[in-house]
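Undergrad: Below is the file work_24.csv, with CSV, C-alpha atoms.
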chain,number,residue,atom,x,y,z
D,1,MET,CA,-27.0,46.5,-34.6
D,2,LYS,CA,-27.7,43.1,-36.1
D,3,VAL,CA,-25.2,40.3,-35.7
D,4,SER,CA,-24.7,38.2,-38.8
D,5,THR,CA,-25.6,34.5,-38.7
D,6,GLY,CA,-22.0,33.5,-39.4
D,7,LEU,CA,-20.8,35.5,-36.4
D,8,ARG,CA,-23.4,33.9,-34.1
D,9,VAL,CA,-22.4,30.5,-35.3
D,10,ALA,CA,-18.7,31.3,-34.6
D,11,VAL,CA,-19.5,32.6,-31.1
D,12,LEU,CA,-21.5,29.5,-30.3
D,13,ALA,CA,-18.8,27.2,-31.6
D,14,LEU,CA,-16.2,29.0,-29.6
D,15,SER,CA,-18.3,28.8,-26.4
D,16,GLY,CA,-18.8,25.1,-27.0
D,17,LEU,CA,-15.1,24.6,-27.4
D,18,ILE,CA,-14.3,26.4,-24.2
D,19,SER,CA,-16.9,24.5,-22.3
D,20,PHE,CA,-15.6,21.2,-23.6
D,21,ALA,CA,-12.0,22.1,-22.7
D,22,LEU,CA,-13.0,23.1,-19.2
D,23,SER,CA,-14.9,19.9,-18.7
D,24,GLN,CA,-11.9,17.8,-19.8
D,25,TYR,CA,-9.7,19.7,-17.4
D,26,VAL,CA,-12.0,19.1,-14.5
D,27,LEU,CA,-12.3,15.4,-15.4
D,28,ARG,CA,-8.5,15.1,-15.6
D,29,GLU,CA,-8.1,16.7,-12.2
D,30,ALA,CA,-10.7,14.4,-10.6
D,31,THR,CA,-9.6,11.0,-12.0
D,32,PRO,CA,-6.4,9.2,-12.8
D,33,GLU,CA,-5.0,9.8,-16.3
D,34,ILE,CA,-5.0,6.9,-18.7
D,35,SER,CA,-1.5,6.2,-20.0
D,36,GLU,CA,-0.7,6.4,-23.7
D,37,SER,CA,0.3,2.7,-23.7
D,38,GLY,CA,-3.2,1.8,-22.3
D,39,ALA,CA,-1.5,-0.3,-19.6
D,40,GLY,CA,-3.0,1.4,-16.6
D,41,VAL,CA,-3.0,5.0,-15.4
D,42,ASN,CA,-0.4,7.7,-14.7
D,43,ILE,CA,-0.7,8.5,-11.0
D,44,HIS,CA,-0.2,12.2,-10.2
D,45,SER,CA,-1.3,12.5,-6.6
D,46,LYS,CA,-1.9,10.6,-3.4
D,47,SER,CA,-5.6,11.1,-3.7
D,48,GLU,CA,-5.6,9.3,-7.1
D,49,LEU,CA,-3.7,6.4,-5.6
D,50,LEU,CA,-6.2,6.1,-2.7
D,51,GLN,CA,-9.1,5.9,-5.2
D,52,LEU,CA,-7.7,2.6,-6.4
D,53,LEU,CA,-8.1,0.9,-3.0
D,54,PRO,CA,-11.3,-0.7,-1.6
D,55,GLY,CA,-13.6,1.4,0.5
D,56,LEU,CA,-16.6,0.9,2.7
D,57,GLY,CA,-19.1,-1.3,1.0
D,58,ASP,CA,-16.5,-2.8,-1.3
D,59,VAL,CA,-15.4,-5.6,1.1
D,60,ALA,CA,-17.6,-7.5,3.5
D,61,GLY,CA,-16.8,-6.7,7.2
D,62,LEU,CA,-14.8,-3.6,6.4
D,63,ALA,CA,-15.6,-1.0,9.1
D,64,GLY,CA,-13.4,1.9,8.3
D,65,THR,CA,-10.2,3.2,6.6
D,66,SER,CA,-7.7,5.9,7.5
D,67,GLU,CA,-4.5,7.3,6.2
D,68,THR,CA,-2.6,6.5,9.3
D,69,SER,CA,0.2,3.8,9.3
D,70,TRP,CA,0.3,1.0,11.7
D,71,MET,CA,3.7,0.2,10.3
D,72,ASP,CA,5.4,2.4,13.1
D,73,VAL,CA,5.2,-0.7,15.2
D,74,PHE,CA,8.3,-1.8,13.5
D,75,GLY,CA,9.9,1.6,13.1
D,76,ASP,CA,9.9,2.1,16.9
D,77,SER,CA,11.6,-1.2,17.4
D,78,SER,CA,14.2,-0.8,14.7
D,79,LEU,CA,13.6,-4.3,13.4
D,80,TYR,CA,14.7,-3.7,9.9
D,81,ASP,CA,17.9,-5.7,10.5
D,82,CYS,CA,15.6,-8.6,11.2
D,83,ILE,CA,13.1,-8.2,8.3
D,84,PRO,CA,13.2,-6.4,4.9
D,85,SER,CA,11.7,-2.9,4.3
D,86,LEU,CA,10.2,-1.5,1.1
D,87,ASN,CA,9.7,2.1,2.5
D,88,GLU,CA,12.0,5.1,2.6
D,89,SER,CA,14.1,3.6,5.4
D,90,ALA,CA,15.6,1.2,2.8
D,91,VAL,CA,14.8,2.3,-0.7
D,92,ASP,CA,14.1,5.4,-2.7
D,93,VAL,CA,10.3,5.6,-3.1
D,94,ALA,CA,9.0,8.1,-5.7
D,95,PRO,CA,5.9,10.1,-4.8
D,96,PRO,CA,3.1,9.6,-4.5
D,97,SER,CA,3.0,6.8,-2.0
D,98,ILE,CA,0.3,5.8,0.5
D,99,GLU,CA,0.0,4.4,4.0
D,100,THR,CA,-3.5,3.2,4.8
D,101,ILE,CA,-5.2,1.3,7.6
D,102,PHE,CA,-8.2,-1.0,7.0
D,103,THR,CA,-10.2,-1.7,10.2
D,104,MET,CA,-12.5,-4.7,10.2
D,105,GLU,CA,-15.7,-5.1,12.1
D,106,GLN,CA,-14.1,-7.7,14.5
D,107,ARG,CA,-11.5,-5.0,15.2
D,108,SER,CA,-8.6,-6.7,13.4
D,109,VAL,CA,-6.4,-4.3,11.4
D,110,VAL,CA,-4.6,-4.5,8.1
D,111,SER,CA,-2.1,-1.8,7.3
D,112,VAL,CA,-0.9,-1.2,3.7
D,113,GLU,CA,2.1,0.8,2.4
D,114,PHE,CA,2.2,1.1,-1.4
D,115,GLY,CA,4.4,3.2,-3.8
D,116,ARG,CA,6.6,3.2,-6.8
D,117,ILE,CA,10.2,2.3,-6.1
D,118,ALA,CA,12.9,4.3,-7.9
D,119,PRO,CA,14.3,2.4,-10.9
D,120,SER,CA,17.8,2.5,-9.4
D,121,ASP,CA,16.5,0.6,-6.3
D,122,VAL,CA,14.1,-1.9,-7.8
D,123,GLN,CA,16.7,-4.7,-8.1
D,124,LYS,CA,18.0,-4.0,-4.6
D,125,ALA,CA,14.4,-4.3,-3.2
D,126,GLN,CA,13.7,-7.5,-5.1
D,127,ASP,CA,16.9,-9.1,-3.9
D,128,SER,CA,16.0,-8.3,-0.3
D,129,LEU,CA,12.8,-10.4,-0.8
D,130,ARG,CA,14.7,-13.2,-2.4
D,131,GLU,CA,17.3,-13.6,0.3
D,132,PRO,CA,15.1,-13.9,3.4
D,133,LYS,CA,15.9,-15.0,6.9
D,134,GLU,CA,13.9,-18.1,7.7
D,135,LEU,CA,13.7,-17.2,11.4
D,136,CYS,CA,14.8,-14.1,13.2
D,137,SER,CA,14.3,-12.7,16.7
D,138,GLU,CA,15.1,-9.3,18.1
D,139,ARG,CA,14.3,-7.4,21.2
D,140,GLY,CA,12.4,-4.1,21.1
D,141,SER,CA,9.4,-2.2,22.4
D,142,ARG,CA,5.9,-2.3,20.9
D,143,PHE,CA,4.4,0.9,19.4
D,144,GLY,CA,2.3,2.8,21.9
D,145,GLU,CA,4.0,1.1,24.8
D,146,TYR,CA,7.3,2.9,25.0
D,147,GLY,CA,9.8,1.2,27.4
D,148,THR,CA,7.9,-2.1,27.3
D,149,GLU,CA,10.6,-4.4,26.1
D,150,GLY,CA,9.8,-7.7,24.6
D,151,LEU,CA,10.9,-10.3,22.1
D,152,TRP,CA,9.8,-10.1,18.5
D,153,THR,CA,10.1,-13.3,16.5
D,154,PHE,CA,9.6,-13.5,12.7
D,155,THR,CA,9.1,-16.9,11.0
D,156,ARG,CA,9.0,-17.1,7.2
D,157,HIS,CA,5.5,-18.1,6.0
D,158,SER,CA,4.8,-20.1,2.9
D,159,SER,CA,2.4,-18.2,0.6
D,160,PRO,CA,1.6,-18.0,-3.1
D,161,PRO,CA,4.1,-16.0,-5.1
D,162,LEU,CA,3.1,-12.4,-6.0
D,163,GLY,CA,4.5,-10.2,-8.8
D,164,ASN,CA,8.3,-10.2,-9.5
D,165,ALA,CA,9.2,-11.0,-5.9
D,166,SER,CA,7.4,-11.6,-2.6
D,167,LEU,CA,7.9,-12.7,0.9
D,168,ALA,CA,5.7,-13.4,3.9
D,169,TYR,CA,6.3,-13.7,7.7
D,170,GLU,CA,4.4,-14.7,10.7
D,171,TYR,CA,5.4,-12.7,13.8
D,172,SER,CA,4.9,-12.8,17.5
D,173,TYR,CA,5.6,-10.3,20.3
D,174,ARG,CA,6.2,-11.5,23.9
D,175,PRO,CA,6.6,-8.7,26.4
D,176,ASP,CA,8.9,-8.9,29.4
D,177,SER,CA,6.5,-7.1,31.7
D,178,GLU,CA,3.4,-8.7,33.3
D,179,GLY,CA,0.1,-7.1,32.5
D,180,VAL,CA,1.1,-6.3,28.9
D,181,GLU,CA,-0.6,-8.5,26.2
D,182,SER,CA,1.3,-10.6,23.8
D,183,SER,CA,0.4,-10.2,20.1
D,184,ALA,CA,0.9,-12.0,16.8
D,185,GLY,CA,0.2,-11.3,13.1
D,186,ARG,CA,1.5,-11.5,9.6
D,187,VAL,CA,3.6,-9.4,7.2
D,188,VAL,CA,3.5,-9.7,3.4
D,189,TYR,CA,5.9,-7.9,0.9
D,190,ALA,CA,5.6,-7.9,-2.9
D,191,ILE,CA,7.0,-6.0,-5.9
D,192,SER,CA,5.6,-5.9,-9.4
D,193,ASN,CA,6.8,-3.7,-12.3
D,194,GLY,CA,8.6,-1.3,-9.9
D,195,TRP,CA,5.7,-0.9,-7.5
D,196,GLY,CA,6.2,-2.2,-3.9
D,197,ILE,CA,3.6,-3.1,-1.4
D,198,THR,CA,3.8,-4.1,2.3
D,199,ALA,CA,0.8,-5.4,4.2
D,200,VAL,CA,0.7,-6.1,7.9
D,201,THR,CA,-2.1,-7.4,10.1
D,202,ASP,CA,-2.4,-7.7,13.9
D,203,GLU,CA,-4.4,-10.9,13.4
D,204,ALA,CA,-2.6,-14.2,13.9
D,205,SER,CA,-4.9,-16.1,11.5
D,206,GLY,CA,-4.4,-13.6,8.7
D,207,GLU,CA,-8.1,-13.9,7.9
D,208,ALA,CA,-8.6,-10.2,7.2
D,209,LEU,CA,-5.4,-9.9,5.3
D,210,ASN,CA,-6.4,-12.9,3.1
D,211,LEU,CA,-9.7,-11.2,2.4
D,212,LEU,CA,-8.4,-7.7,1.6
D,213,LEU,CA,-5.1,-8.2,-0.1
D,214,PRO,CA,-6.3,-10.0,-3.3
D,215,ARG,CA,-8.9,-7.3,-3.7
D,216,ILE,CA,-6.3,-4.6,-3.3
D,217,LEU,CA,-3.8,-6.2,-5.7
D,218,ALA,CA,-6.4,-7.0,-8.4
D,219,GLY,CA,-7.5,-3.3,-8.4
D,220,LEU,CA,-3.9,-2.1,-8.7
D,221,ASP,CA,-3.2,-4.6,-11.5
D,222,ARG,CA,-6.1,-3.2,-13.4
D,223,ALA,CA,-5.2,0.4,-12.8
D,224,VAL,CA,-1.4,0.8,-12.8
D,225,GLY,CA,-0.3,-2.1,-15.0
D,226,THR,CA,1.2,-4.2,-12.2
D,227,LYS,CA,1.0,-8.0,-12.3
D,228,PHE,CA,0.9,-8.9,-8.6
D,229,LEU,CA,-1.6,-11.6,-9.3
D,230,ARG,CA,-0.2,-13.9,-11.9
Please re-express this file's structure in structure tokens.
TA:
Amino acid sequence: MKVSTGLRVAVLALSGLISFALSQYVLREATPEISESGAGVNIHSKSELLQLLPGLGDVAGLAGTSETSWMDVFGDSSLYDCIPSLNESAVDVAPPSIETIFTMEQRSVVSVEFGRIAPSDVQKAQDSLREPKELCSERGSRFGEYGTEGLWTFTRHSSPPLGNASLAYEYSYRPDSEGVESSAGRVVYAISNGWGITAVTDEASGEALNLLLPRILAGLDRAVGTKFLR
């Protein structure tokens, strides 16, 4: 039975349309979706959000990344009465959100929490960064050393403004027990267009944080329409 030329053309056209539709579906599943406004992307999943962060080869001296949060150092010590919080302990964070650790070759660590704050809590979160304590000390244990009490001290640190509101602290931990090392580092908070980010480093100089954070914020500004870097 012969197939007419018109029918063959119709079948080929339909096959092409199906192939194109499938390719677009796969592409949409693999990459963040461009918003209708053109001001960034609509984030649908944690994996899409992670794609926006620097990886190995993107930043000199970056040795590895993981989806583990170093932020528990504060959660264990219940220090949120001393310093602000932009995570679920203080505000409503809409999914997806991420917690990522960047480990540098010299073994310093930068931990980042990033997510979209619920519209009803954005003003509350911004106000918490605009009414900081200049100096705050509180007793608590350090993560991984349960029962090792010590004194945490947070001193407000002057840093360039970021986004709609930002705040930075230097911190130190002085343990009561001998044989346990003291530590120091920095904490940076920022909010822009409803997105909140917290970055913590265990390096007193903040060198790794100063290297990574501008790269992270620039990528987020391009992708999700934030304006952390003004």
Undergrad: Can you work out the spacing between CA of Lys124 in chain D and CA of Asp221 in chain D in Å, to one decimal?
TA: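 These two atoms are separated by 22.3 Å.
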Undergrad: Can you tell me which residues surround range 101-108 of chain D at a distance of at most 9 Å, considering only C-alpha atoms, apart from same-chain residues fewer than 6 positions away, and format the answer as a list in words?
TA: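 In the requested form, the answer reads Gly55, Ala60, Gly61, Leu62, Ala63, Gly64, Thr65, Ser66, Glu67, Thr68, Ser69, Trp70, Thr201, Asp202, Glu203, Ala208 and Leu212 of chain D.
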Undergrad: One number please: CA of Ser166 in chain D to CA of Leu211 in chain D, in Å, one decimal.
TA: 17.8 Å
Undergrad: So, counting only C-alpha atoms, which residue among D:Gly185, D:Pro160, D:Pro96, D:Pro175 is closest to Glu138 in chain D?
TA: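 Checking each of D:Gly185, D:Pro160, D:Pro96, D:Pro175 against Glu138 in chain D, counting only C-alpha atoms, the winner is D:Pro175.
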Undergrad: Mind pulling up the distance from CA of Ser182 in chain D to CA of Thr148 in chain D?
TA: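 Separation of CA of Thr148 in chain D and CA of Ser182 in chain D: 11.3 Å.
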Undergrad: Counting all atoms listed in the file, which residue out of D:Ala223, D:Leu162, D:Leu86, D:Ala218 sits closest to Asp127 in chain D?
TA: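 Among the listed residues, D:Leu86 lies closest to Asp127 in chain D.
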Undergrad: Pick the closest to Asn87 in chain D from D:Val180, D:Leu56, D:Ala168, D:Ile197: which is it, counting all atoms listed in the file?
TA: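 The shortest atom-to-atom distance to Asn87 in chain D comes from D:Ile197.
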Undergrad: Show me the residues around (2.6, -16.5, -6.0) - criterion: an atom at most 12 Å away, only C-alpha atoms counted - as number ranges by chain.
TA: D: 158-168, 188-192, 214, 227-230
Undergrad: Which residue is closest to His157 in chain D? Choose from D:Ser111, D:Ser141, D:Ser205, D:Gln126 and count all atoms listed in the file.
TA: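 Answer, going by the shortest atom-to-atom distance: D:Ser205.
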Undergrad: Go ahead and find all residues with at least one atom no further than 12 Å from (15.5, -19.7, 11.8) in the file's coordinates, using all atoms listed in the file; report them as a list in words.
TA: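 Returned residue set, sorted by chain then number, is Cys82, Pro132, Lys133, Glu134, Leu135, Cys136, Ser137, Thr153, Phe154, Thr155, Arg156, His157 and Tyr169 of chain D.
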Undergrad: For the residues in the current selection, export C-alpha atoms as a compact mmCIF listing (two decimals), in the frame of the given file.
TA:
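The resulting file, selection-v3.txt, is reproduced below:
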# COMPACT_ATOMS: atom_id res chain seq x y z
CA CYS D 82 15.60 -8.60 11.20
CA PRO D 132 15.10 -13.90 3.40
CA LYS D 133 15.90 -15.00 6.90
CA GLU D 134 13.90 -18.10 7.70
CA LEU D 135 13.70 -17.20 11.40
CA CYS D 136 14.80 -14.10 13.20
CA SER D 137 14.30 -12.70 16.70
CA THR D 153 10.10 -13.30 16.50
CA PHE D 154 9.60 -13.50 12.70
CA THR D 155 9.10 -16.90 11.00
CA ARG D 156 9.00 -17.10 7.20
CA HIS D 157 5.50 -18.10 6.00
CA TYR D 169 6.30 -13.70 7.70
Undergrad: Which polymer residues have any atom within 7 Å of an atom of Val112 in chain D, counting all atoms listed in the file, with same-chain residues fewer than 5 positions away left out, as a list in words?
TA: Glu99, Thr100, Ile101, Thr198, Ala199 and Val200 of chain D
Undergrad: For Val109 in chain D, which of D:Ala184, D:Val122, D:Val91, D:Leu129 is the closest residue, counting only C-alpha atoms?
TA: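 Among the listed residues, the smallest separation from Val109 in chain D belongs to D:Ala184.
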Undergrad: With all atoms listed in the file as the basis for distance, which of D:Pro54, D:Gly140, D:Gly194, D:Gly206 is at the shortest distance from Arg174 in chain D?
TA: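 Distance minimum relative to Arg174 in chain D lands on D:Gly140.
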Undergrad: Can you list, as an MDAnalysis selection string, every protein, DNA or RNA residue that comes within 12 Å of Glu181 in chain D when you count all atoms listed in the file, leaving out same-chain residues fewer than 4 positions away?
TA: chainID D and resid 142 145 148:150 172:177
